[in-house]
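Participant: Okay, so here is target08.txt, and as you'll see once you scroll down, it has compact mmCIF, C-alpha atoms.
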```
# COMPACT_ATOMS: atom_id res chain seq x y z
CA MET L 1 14.40 28.89 -6.86
CA GLN L 2 10.83 30.19 -6.93
CA ARG L 3 10.03 33.26 -4.87
CA GLY L 4 7.55 31.38 -2.62
CA ALA L 5 10.06 28.64 -1.86
CA ALA L 6 12.76 31.23 -1.16
CA LEU L 7 10.51 33.05 1.32
CA ALA L 8 9.59 29.74 2.95
CA GLY L 9 13.28 28.90 3.29
CA ARG L 10 14.04 32.22 4.98
CA SER L 11 11.12 31.78 7.40
CA VAL L 12 12.38 28.29 8.33
CA THR L 13 15.88 29.66 8.95
CA ALA L 14 14.48 32.43 11.18
CA ALA L 15 12.31 29.97 13.09
CA ARG L 16 15.31 27.78 13.90
CA ALA L 17 16.85 30.68 15.78
CA THR L 18 13.75 31.12 17.98
CA ARG L 19 13.21 29.01 21.10
CA LEU L 20 9.51 28.58 21.81
CA ASN L 21 7.52 27.60 24.88
CA LEU L 22 4.76 25.46 23.35
CA VAL L 23 1.75 23.62 24.76
CA ILE L 24 0.23 20.76 22.77
CA VAL L 25 -3.26 19.64 23.81
CA THR L 26 -4.26 16.15 22.70
CA GLU L 27 -6.59 13.29 23.57
CA THR L 28 -3.98 10.68 22.60
CA TYR L 29 -0.25 10.34 23.10
CA SER L 30 2.48 7.72 23.50
CA PRO L 31 2.46 4.91 24.56
CA GLU L 32 -0.93 4.73 22.85
CA ILE L 33 -0.54 3.40 19.32
CA ASN L 34 -2.31 5.23 16.52
CA GLY L 35 -1.46 7.69 13.76
CA VAL L 36 -2.13 10.81 15.80
CA ALA L 37 -0.02 9.65 18.76
CA MET L 38 2.81 8.61 16.44
CA THR L 39 2.77 11.93 14.58
CA LEU L 40 2.74 13.95 17.79
CA GLY L 41 5.59 11.88 19.19
CA ARG L 42 7.71 12.66 16.12
CA LEU L 43 6.84 16.35 16.30
CA VAL L 44 7.61 16.59 20.02
CA ASP L 45 10.94 14.80 19.64
CA GLY L 46 11.90 17.11 16.77
CA LEU L 47 10.83 20.23 18.64
CA ALA L 48 12.78 19.20 21.75
CA GLN L 49 15.90 18.46 19.67
CA ARG L 50 15.68 22.02 18.32
CA GLY L 51 15.65 23.47 21.84
CA HIS L 52 11.94 24.26 22.12
CA ARG L 53 10.16 23.65 25.40
CA VAL L 54 7.06 21.47 24.95
CA THR L 55 4.29 20.70 27.43
CA ILE L 56 1.72 18.02 26.58
CA VAL L 57 -1.76 18.40 28.07
CA ARG L 58 -3.74 15.17 27.77
CA PRO L 59 -6.19 12.87 29.58
CA ARG L 60 -4.76 10.33 31.98
CA GLN L 61 -4.31 6.95 30.37
CA ARG L 62 -5.78 3.80 31.88
CA HIS L 63 -2.66 2.76 33.79
CA GLU L 64 -2.06 6.17 35.39
CA SER L 65 -3.03 7.56 38.79
CA ALA L 66 -6.53 9.06 39.00
CA ARG L 67 -5.45 12.53 40.06
CA PHE L 68 -4.13 15.71 38.49
CA SER L 69 -0.42 15.39 37.89
CA VAL L 70 2.53 16.90 36.05
CA THR L 71 5.39 14.68 34.86
CA GLN L 72 8.58 15.15 32.88
CA ARG L 73 9.26 12.37 30.38
CA LEU L 74 9.53 11.54 26.69
CA ALA L 75 11.27 14.82 25.77
CA CYS L 76 8.54 17.01 27.28
CA ARG L 77 6.62 18.03 30.35
CA GLN L 78 3.21 16.37 30.62
CA VAL L 79 0.07 17.58 32.35
CA ARG L 80 -2.43 14.76 32.90
CA LEU L 81 -6.09 15.65 33.40
CA PRO L 82 -9.32 13.66 33.96
CA GLY L 83 -10.87 11.80 31.05
CA VAL L 84 -13.46 9.15 30.23
CA PRO L 85 -13.21 6.06 27.98
CA ILE L 86 -14.28 6.61 24.38
CA PRO L 87 -17.27 4.37 23.50
CA GLY L 88 -16.01 1.50 21.35
CA TYR L 89 -12.39 2.38 22.17
CA PRO L 90 -11.83 1.57 25.86
CA GLN L 91 -8.07 1.86 25.35
CA LEU L 92 -8.46 5.57 24.49
CA ARG L 93 -9.86 8.35 26.64
CA LEU L 94 -11.78 11.51 25.86
CA GLY L 95 -10.57 14.63 27.64
CA LEU L 96 -13.06 16.66 29.68
CA PRO L 97 -13.39 20.47 29.64
CA ALA L 98 -10.58 21.89 31.76
CA GLY L 99 -10.74 25.65 31.30
CA ARG L 100 -10.29 26.48 34.98
CA ARG L 101 -7.23 24.26 35.41
CA LEU L 102 -5.67 25.45 32.16
CA ARG L 103 -6.24 29.09 33.09
CA GLN L 104 -4.41 28.51 36.37
CA LEU L 105 -1.52 26.77 34.65
CA TRP L 106 -1.12 29.30 31.87
CA ARG L 107 -1.34 32.30 34.15
CA LEU L 108 1.48 30.80 36.20
CA HIS L 109 3.53 29.67 33.18
CA ARG L 110 2.34 31.55 30.13
CA PRO L 111 3.07 29.66 26.88
CA ASP L 112 4.10 31.36 23.66
CA LEU L 113 1.53 29.32 21.75
CA VAL L 114 -1.02 26.55 22.35
CA HIS L 115 -1.49 23.92 19.64
CA VAL L 116 -4.65 21.79 19.84
CA ALA L 117 -4.26 18.42 18.11
CA THR L 118 -7.72 16.93 18.79
CA GLU L 119 -11.15 18.54 18.75
CA GLY L 120 -12.76 16.98 21.84
CA PRO L 121 -14.06 18.84 24.90
CA LEU L 122 -10.51 19.23 26.28
CA GLY L 123 -9.24 20.75 23.04
CA ALA L 124 -12.25 23.04 22.69
CA SER L 125 -11.83 24.34 26.25
CA ALA L 126 -8.11 24.89 25.61
CA ILE L 127 -8.94 27.06 22.59
CA THR L 128 -11.41 29.13 24.61
CA THR L 129 -8.95 29.53 27.47
CA ALA L 130 -6.01 30.49 25.27
CA ARG L 131 -8.09 33.08 23.40
CA SER L 132 -9.33 34.59 26.65
CA LEU L 133 -5.73 34.98 27.86
CA GLY L 134 -4.52 36.38 24.54
CA VAL L 135 -2.30 33.35 23.90
CA PRO L 136 -1.99 32.42 20.20
CA VAL L 137 -3.65 29.10 19.46
CA THR L 138 -3.43 26.80 16.43
CA SER L 139 -4.92 23.39 15.63
CA SER L 140 -4.50 20.25 13.52
CA PHE L 141 -7.14 18.35 11.57
CA HIS L 142 -6.10 14.75 12.19
CA THR L 143 -9.32 12.73 12.02
CA ASN L 144 -12.45 12.71 9.84
CA PHE L 145 -14.82 12.27 12.77
CA ASP L 146 -17.80 13.31 10.65
CA GLN L 147 -17.14 10.37 8.30
CA TYR L 148 -17.06 7.95 11.22
CA THR L 149 -20.77 8.60 11.87
CA ARG L 150 -21.64 6.36 8.90
CA ASP L 151 -19.55 3.45 10.19
CA TYR L 152 -21.12 3.67 13.65
CA ARG L 153 -24.70 3.96 12.32
CA ILE L 154 -25.29 7.52 13.44
CA GLY L 155 -25.09 9.11 10.01
CA TRP L 156 -27.83 11.58 10.91
CA LEU L 157 -25.27 13.29 13.17
CA LYS L 158 -22.80 13.95 10.35
CA PRO L 159 -23.87 17.60 9.70
CA VAL L 160 -23.70 18.33 13.43
CA VAL L 161 -20.23 16.81 13.79
CA ALA L 162 -18.99 18.55 10.61
CA GLY L 163 -20.28 21.90 11.88
CA TRP L 164 -18.66 21.37 15.26
CA LEU L 165 -15.29 20.58 13.70
CA ARG L 166 -15.39 23.66 11.48
CA HIS L 167 -16.40 25.86 14.44
CA VAL L 168 -13.57 24.54 16.62
CA HIS L 169 -10.87 24.97 13.99
CA ASN L 170 -12.01 28.39 12.78
CA ARG L 171 -11.43 29.77 16.27
CA THR L 172 -7.68 29.14 15.86
CA ARG L 173 -5.08 31.14 13.93
CA ARG L 174 -3.99 28.17 11.82
CA THR L 175 -5.45 24.75 11.04
CA PHE L 176 -2.81 22.28 9.85
CA VAL L 177 -3.84 19.50 7.46
CA PRO L 178 -1.72 16.61 6.12
CA THR L 179 -2.47 16.68 2.37
CA ARG L 180 -3.15 19.24 -0.34
CA THR L 181 -6.35 17.42 -1.29
CA LEU L 182 -7.76 17.73 2.22
CA LEU L 183 -6.66 21.36 2.37
CA SER L 184 -8.67 22.13 -0.77
CA GLN L 185 -11.67 20.17 0.54
CA LEU L 186 -11.75 21.95 3.89
CA ASP L 187 -11.25 25.31 2.21
CA ALA L 188 -14.37 24.63 0.12
CA GLU L 189 -16.26 23.73 3.31
CA GLY L 190 -15.50 27.08 4.93
CA TYR L 191 -12.41 26.35 7.01
CA LEU L 192 -10.11 29.34 7.46
CA ASN L 193 -6.35 29.86 7.73
CA LEU L 194 -5.34 26.40 6.47
CA ARG L 195 -1.71 25.28 6.28
CA LEU L 196 -0.04 22.09 5.08
CA LEU L 197 1.67 19.83 7.64
CA SER L 198 2.57 16.59 5.88
CA ARG L 199 3.86 13.43 7.56
CA GLY L 200 7.39 12.17 7.42
CA VAL L 201 8.64 8.60 7.24
CA ASP L 202 11.76 7.18 8.83
CA THR L 203 13.42 5.43 5.88
CA THR L 204 16.26 4.21 8.09
CA LEU L 205 13.73 2.26 10.16
CA PHE L 206 11.34 1.29 7.38
CA ASN L 207 13.31 -0.23 4.52
CA PRO L 208 13.44 -3.44 2.47
CA ALA L 209 16.65 -4.63 4.16
CA ARG L 210 14.64 -5.70 7.22
CA ARG L 211 13.00 -8.57 5.34
CA ASP L 212 13.11 -11.70 7.53
CA GLU L 213 12.53 -15.12 5.97
CA SER L 214 12.21 -16.77 9.38
CA LEU L 215 9.36 -14.41 10.23
CA ARG L 216 7.69 -15.25 6.92
CA ALA L 217 8.07 -18.95 7.71
CA SER L 218 6.28 -18.41 11.04
CA TRP L 219 3.31 -17.18 8.98
CA GLY L 220 3.36 -20.37 6.90
CA ALA L 221 4.82 -18.62 3.85
CA SER L 222 7.53 -20.13 1.67
CA PRO L 223 10.01 -17.78 -0.10
CA GLY L 224 7.91 -17.57 -3.28
CA ASP L 225 4.49 -17.24 -1.64
CA PRO L 226 2.85 -13.78 -1.88
CA VAL L 227 2.21 -12.34 1.58
CA VAL L 228 -0.44 -9.62 1.81
CA LEU L 229 0.27 -7.37 4.79
CA HIS L 230 -1.89 -4.78 6.49
CA VAL L 231 -1.11 -2.63 9.55
CA GLY L 232 -3.80 -0.76 11.41
CA ARG L 233 -6.43 -0.46 14.10
CA LEU L 234 -9.04 -3.19 13.78
CA ALA L 235 -12.13 -0.99 13.84
CA ALA L 236 -15.36 -0.53 11.90
CA GLU L 237 -14.26 2.59 10.01
CA LYS L 238 -11.23 0.84 8.46
CA ASN L 239 -13.29 -1.11 5.88
CA TYR L 240 -11.87 -4.55 6.67
CA PRO L 241 -14.72 -6.43 4.94
CA GLN L 242 -13.51 -4.88 1.66
CA LEU L 243 -9.94 -5.89 2.46
CA PHE L 244 -11.10 -9.47 3.11
CA ARG L 245 -13.01 -9.58 -0.19
CA ALA L 246 -9.92 -8.41 -2.05
CA PHE L 247 -7.72 -10.98 -0.34
CA ASP L 248 -10.16 -13.80 -1.06
CA ALA L 249 -10.09 -12.83 -4.75
CA ALA L 250 -6.29 -12.69 -4.65
CA LYS L 251 -6.14 -16.12 -3.05
CA ALA L 252 -8.34 -17.51 -5.82
CA VAL L 253 -5.59 -16.71 -8.36
CA ALA L 254 -2.67 -17.36 -6.00
CA PRO L 255 -3.69 -20.17 -3.63
CA ARG L 256 -0.48 -19.92 -1.60
CA ALA L 257 -1.17 -16.28 -0.66
CA ARG L 258 -1.24 -15.36 3.03
CA LEU L 259 -2.86 -12.38 4.79
CA VAL L 260 -1.11 -10.96 7.85
CA LEU L 261 -2.85 -8.28 9.94
CA VAL L 262 -0.63 -6.30 12.32
CA GLY L 263 -2.71 -4.42 14.87
CA ASP L 264 -5.32 -4.51 17.59
CA GLY L 265 -8.66 -2.89 18.18
CA PRO L 266 -12.32 -3.37 19.08
CA MET L 267 -13.01 -5.72 16.12
CA LEU L 268 -10.06 -8.07 16.76
CA ALA L 269 -12.00 -10.86 18.50
CA THR L 270 -14.78 -10.72 15.90
CA TYR L 271 -12.39 -10.97 12.96
CA GLN L 272 -10.40 -13.76 14.62
CA ARG L 273 -13.59 -15.80 14.90
CA GLN L 274 -14.66 -15.01 11.34
CA ARG L 275 -11.29 -15.52 9.66
CA PRO L 276 -9.19 -18.32 11.19
CA ASP L 277 -7.18 -18.38 7.93
CA ILE L 278 -5.68 -14.93 8.65
CA VAL L 279 -2.54 -14.36 10.75
CA PHE L 280 -3.28 -11.79 13.50
CA THR L 281 -0.04 -10.65 15.11
CA GLY L 282 -1.16 -7.93 17.52
CA PHE L 283 0.49 -4.51 17.66
CA TYR L 284 4.18 -3.97 17.05
CA THR L 285 6.30 -0.83 17.01
CA GLY L 286 9.84 0.13 16.08
CA VAL L 287 12.14 -2.49 14.58
CA ASN L 288 9.62 -5.29 15.08
CA LEU L 289 7.01 -3.37 13.08
CA ALA L 290 9.57 -2.60 10.38
CA ARG L 291 10.45 -6.30 10.11
CA HIS L 292 6.79 -7.16 9.60
CA TYR L 293 6.39 -4.58 6.84
CA ALA L 294 9.53 -5.64 4.97
CA SER L 295 8.65 -9.32 5.24
CA GLY L 296 5.45 -8.86 3.24
CA ASP L 297 5.12 -8.58 -0.54
CA ILE L 298 1.82 -6.74 -1.05
CA TYR L 299 0.21 -4.02 1.04
CA LEU L 300 -3.57 -3.63 0.66
CA HIS L 301 -5.32 -0.62 2.15
CA ALA L 302 -9.11 -0.47 1.84
CA SER L 303 -9.89 2.42 4.20
CA THR L 304 -10.96 5.87 2.99
CA THR L 305 -11.49 7.60 6.36
CA GLU L 306 -7.93 8.64 7.23
CA THR L 307 -6.76 12.21 6.79
CA PHE L 308 -3.33 10.85 5.81
CA GLY L 309 -2.52 7.18 6.48
CA ASN L 310 1.05 6.81 7.75
CA VAL L 311 0.89 3.10 6.97
CA ILE L 312 0.95 3.86 3.23
CA THR L 313 4.26 5.72 3.40
CA GLU L 314 5.74 3.11 5.76
CA ALA L 315 4.74 0.32 3.35
CA LEU L 316 6.23 2.19 0.38
CA ALA L 317 9.46 2.82 2.30
CA SER L 318 9.59 -0.89 3.17
CA GLY L 319 9.49 -1.89 -0.49
CA LEU L 320 5.99 -3.37 -0.74
CA ALA L 321 3.75 -3.37 -3.82
CA VAL L 322 0.85 -1.23 -2.57
CA GLY L 323 -2.79 -1.44 -3.65
CA ALA L 324 -5.09 1.26 -2.26
CA PHE L 325 -7.88 3.65 -3.06
CA ASP L 326 -6.76 6.93 -4.64
CA TYR L 327 -7.10 8.86 -1.40
CA ALA L 328 -5.02 10.70 1.23
CA ALA L 329 -1.40 9.45 1.36
CA ALA L 330 -1.97 7.04 -1.53
CA HIS L 331 -3.10 9.94 -3.71
CA GLU L 332 -0.09 12.01 -2.69
CA PHE L 333 2.62 9.39 -3.20
CA ILE L 334 1.49 6.60 -5.52
CA ARG L 335 1.82 6.91 -9.28
CA HIS L 336 -0.50 4.25 -10.66
CA GLY L 337 1.42 1.52 -12.44
CA GLU L 338 4.80 3.02 -11.51
CA ASN L 339 5.17 2.51 -7.76
CA GLY L 340 1.79 1.06 -6.78
CA LEU L 341 -1.80 0.59 -7.92
CA VAL L 342 -4.73 2.85 -6.98
CA ALA L 343 -8.46 2.55 -7.58
CA ALA L 344 -10.92 5.43 -7.64
CA VAL L 345 -12.61 5.92 -4.27
CA GLY L 346 -15.74 3.79 -4.24
CA ASP L 347 -14.65 1.55 -7.13
CA GLU L 348 -14.54 -1.67 -5.14
CA SER L 349 -14.31 -3.90 -8.23
CA ALA L 350 -11.15 -2.09 -9.36
CA PHE L 351 -9.63 -2.44 -5.89
CA VAL L 352 -10.30 -6.19 -5.97
CA ALA L 353 -8.91 -6.45 -9.51
CA HIS L 354 -5.69 -4.73 -8.41
CA ALA L 355 -5.32 -7.17 -5.51
CA MET L 356 -5.68 -10.07 -7.95
CA ARG L 357 -3.06 -8.60 -10.31
CA LEU L 358 -0.58 -8.10 -7.50
CA ALA L 359 -1.06 -11.64 -6.22
CA ALA L 360 -0.80 -13.30 -9.64
CA ASP L 361 1.99 -11.28 -11.27
CA ALA L 362 5.34 -11.67 -9.48
CA ALA L 363 7.11 -9.48 -12.04
CA LEU L 364 4.64 -6.64 -11.47
CA ARG L 365 5.09 -6.94 -7.71
CA ALA L 366 8.86 -6.79 -8.04
CA ARG L 367 8.77 -3.74 -10.33
CA LEU L 368 6.40 -1.75 -8.10
CA ALA L 369 8.26 -2.76 -4.93
CA ALA L 370 11.60 -1.63 -6.38
CA ALA L 371 10.20 1.81 -7.21
CA ALA L 372 8.24 2.30 -3.96
CA PRO L 373 10.94 3.56 -1.53
CA ALA L 374 12.01 6.45 -3.77
CA ALA L 375 8.50 7.90 -3.66
CA VAL L 376 8.74 8.76 0.04
CA ARG L 377 12.47 9.28 0.48
CA PRO L 378 12.27 13.13 0.25
CA ASN L 379 9.57 13.31 2.96
CA THR L 380 11.88 13.65 5.96
CA TRP L 381 10.65 14.53 9.41
CA ASP L 382 13.37 17.20 9.71
CA ALA L 383 11.99 19.21 6.79
CA ILE L 384 8.42 18.88 8.03
CA ILE L 385 9.22 19.92 11.60
CA ASP L 386 11.23 22.96 10.43
CA ARG L 387 8.28 24.08 8.32
CA PHE L 388 5.89 23.51 11.25
CA VAL L 389 8.00 25.67 13.56
CA ALA L 390 8.14 28.42 10.93
CA ASP L 391 4.35 28.38 10.58
CA LEU L 392 3.84 28.44 14.36
CA THR L 393 6.23 31.38 14.66
CA GLU L 394 4.33 33.23 11.96
CA ALA L 395 1.00 32.48 13.70
CA MET L 396 2.31 34.02 16.94
CA THR L 397 2.78 37.38 15.25
CA THR L 398 -0.24 37.38 12.94
CA THR L 399 -3.86 37.90 13.93
CA PRO L 400 -5.98 36.59 11.06
CA ALA L 401 -8.53 38.95 9.60
CA PRO L 402 -12.11 37.72 9.10
CA GLY L 403 -12.52 35.65 5.97
CA ALA L 404 -10.49 32.97 4.30
CA ALA L 405 -6.72 33.13 4.22
CA PRO L 406 -4.79 31.59 1.32
CA ALA L 407 -2.46 28.71 2.07
CA LEU L 408 1.24 29.52 2.06
CA GLU L 409 3.41 28.00 -0.61
CA GLN L 410 5.13 24.90 0.74
CA PRO L 411 8.50 23.41 -0.17
CA GLU L 412 7.96 20.68 -2.75
CA SER L 413 9.86 18.15 -0.62
CA LEU L 414 7.16 18.12 2.04
CA SER L 415 4.60 16.23 0.01
CA PRO L 416 4.95 15.65 -3.70
CA SER L 417 1.94 16.58 -5.79
CA ARG L 418 0.81 14.90 -8.97
CA PRO L 419 1.93 16.27 -12.32
```
Please rewrite the model in this file as C-alpha cells.

Facilitator:
Amino acid sequence: MQRGAALAGRSVTAARATRLNLVIVTETYSPEINGVAMTLGRLVDGLAQRGHRVTIVRPRQRHESARFSVTQRLACRQVRLPGVPIPGYPQLRLGLPAGRRLRQLWRLHRPDLVHVATEGPLGASAITTARSLGVPVTSSFHTNFDQYTRDYRIGWLKPVVAGWLRHVHNRTRRTFVPTRTLLSQLDAEGYLNLRLLSRGVDTTLFNPARRDESLRASWGASPGDPVVLHVGRLAAEKNYPQLFRAFDAAKAVAPRARLVLVGDGPMLATYQRQRPDIVFTGFYTGVNLARHYASGDIYLHASTTETFGNVITEALASGLAVGAFDYAAAHEFIRHGENGLVAAVGDESAFVAHAMRLAADAALRARLAAAAPAAVRPNTWDAIIDRFVADLTEAMTTTPAPGAAPALEQPESLSPSRP
C-alpha cells in the first residue's frame, strides 16, 4: 500500500471514532429533486448512521410555514429560515443573509464545524458568522454558477460571479470538489485548500435487473427498439437542443428509436410543445427512477455545466450504453469504446455521430452496456462518507496558512482516474 493511502486509511479510522456536531448550510434539500439535494441527503444519512449529529440550515420550501422554525426529521435537525424564489426556478428558493439568527443559534448550541454547501447569501453569511465565532467552516463547490451566465444571456456578469465564488470558498478551511479535473481547474484559478469529495452510486438500487418491458411498451417501444433515455432538470443550461439534434440524427438511422425524458423544470412546457414525439414522464425517484433507467438502452448527456453529473453514474450502473461529452463524471468513469462513448467538449458533430452509432449498432450497445456497471461499482457512498468525515475532522484542527494548500492523496476507490 502506498504511504499516502496508508495515511488516509488511518485518518478515516480515527474519524470513525469521533462523534461530531455538524451544521450543514444549503439552499436546497430533500424533498427538492436535484443533484445537490440528493448528494446532501446521502451525506446526511451516512453521517447520522455513524453517530454524528447533523443540523441542516436552509430556506423554507414553498409548502412550509412562513416563520422561523426548527424541526427534527430525515435523520437530522432542520432550521428553516426565510428565502425568496430563484428567478427561473420558482420551485427553489434563495436563502437570505441570516448572520444574527445564526449567531444566536450557534452561541446557544456551538457546533464543532459548519459546512456550507451553496454559495448564496445564506451560505456567505454563515461563513462570516462561523469565522467570527471561531467555529471551523468548510464548503463544497457543487454548481458552476459562472457558466450559467451564458445560458441566461448575462455573460457579462461571468467575471463577477467567478470572483464571488472564489472569494466565498477561500474564506473556508476546505473546499470540496467532486472530480480531480475540477480540482485542478479551480486550483489554477486561485482557489485554496481544495479536497476531493466524489459522488457515490447505489448499485443495489440502480442496476440492469430493474428493466421492465411493460414500462417500455407504455413508451411505444417494442423489445428490439432502441430507447434513448435522459434524466435531468429541463432548464436552459442543460443543452437540450443539442440532445434533440443528436436524437433526430439517431432516429434517421434507427426509425424505431424513442426518446424518453425523465424530469421537470422551467423548460418543460416549451419542450412539450416543440417535441410532441418525445415521451415526457415527469420526475421520479427511488425504485421508479431506477426502473426508468434500466428500461432504456442508450443514455445521451449533452450538458457540460455540471460539476459532476450523478445521472452519468446512475446510467452506467443501470447498464445503459452512454454517450456524453468528455467532461465531469463522464471523464472520470467512461473509457471511450470500452464502457461508453465520449466526444471532446464542444465537438457537437462527434456527439451526434456517437448517438447515431449507438442507435444503429445493437452489438455495440450490448457490449458497452455489459461493461458499464463495473465502472462505478467501487464508488460506494460508505467509502466517500468516511473520507469526508476524516477531512472534516482534519479541518477542525488545522488553520490553513495563507497561500495554496496541496490536495491530500485520496483512496483510488473514490473516483477512478484515467491511465

Participant: For a quick check of understanding, using all atoms listed in the file, which of L:Val23, L:Ala317, L:Val322, L:Ala362 has the smallest distance to Leu47 (chain L)?

Facilitator: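 Under the stated criterion, the closest residue is L:Val23.
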
Participant: Go through L:His336, L:Arg357, L:His169, L:Arg195 and flag the residue nearest Pro226 (chain L), using only C-alpha atoms for the distances.

Facilitator: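 Closest to Pro226 (chain L), using only C-alpha atoms: L:Arg357.
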
Participant: Write out as a PyMOL selection string the residues lying within 12 Å of Leu43 (chain L), counting only C-alpha atoms and excluding same-chain residues fewer than 5 positions away.

Facilitator: chain L and resi 22+24+29+36-38+48-50+52+54+56+74-76+115+117+197-200+380-389

Participant: Show me, as number ranges by chain, the residues that have an atom within 7 Å of Ala359 (chain L) when counting all atoms listed in the file, minus same-chain residues fewer than 4 positions from it.

Facilitator: L: 226, 250, 254, 355

Participant: Select, from L:Thr203, L:Glu189, L:Asp297, L:Ala353, the residue with the minimum atom-to-atom distance to Pro223 (chain L), counting all atoms listed in the file.

Facilitator: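 Nearest to Pro223 (chain L): L:Asp297.
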
Participant: For each of L:Leu122, L:Asp347, L:Val342, L:Met267, take the minimum atom-to-atom distance to Ala235 (chain L), counting all atoms listed in the file, then give the residue where this is smallest.

Facilitator: L:Met267

Participant: Can you measure CA of Ala269 (chain L) to CA of Leu300 (chain L) for me? One decimal in Å is fine.

Facilitator: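 Separation between CA of Ala269 (chain L) and CA of Leu300 (chain L): 21.0 Å.
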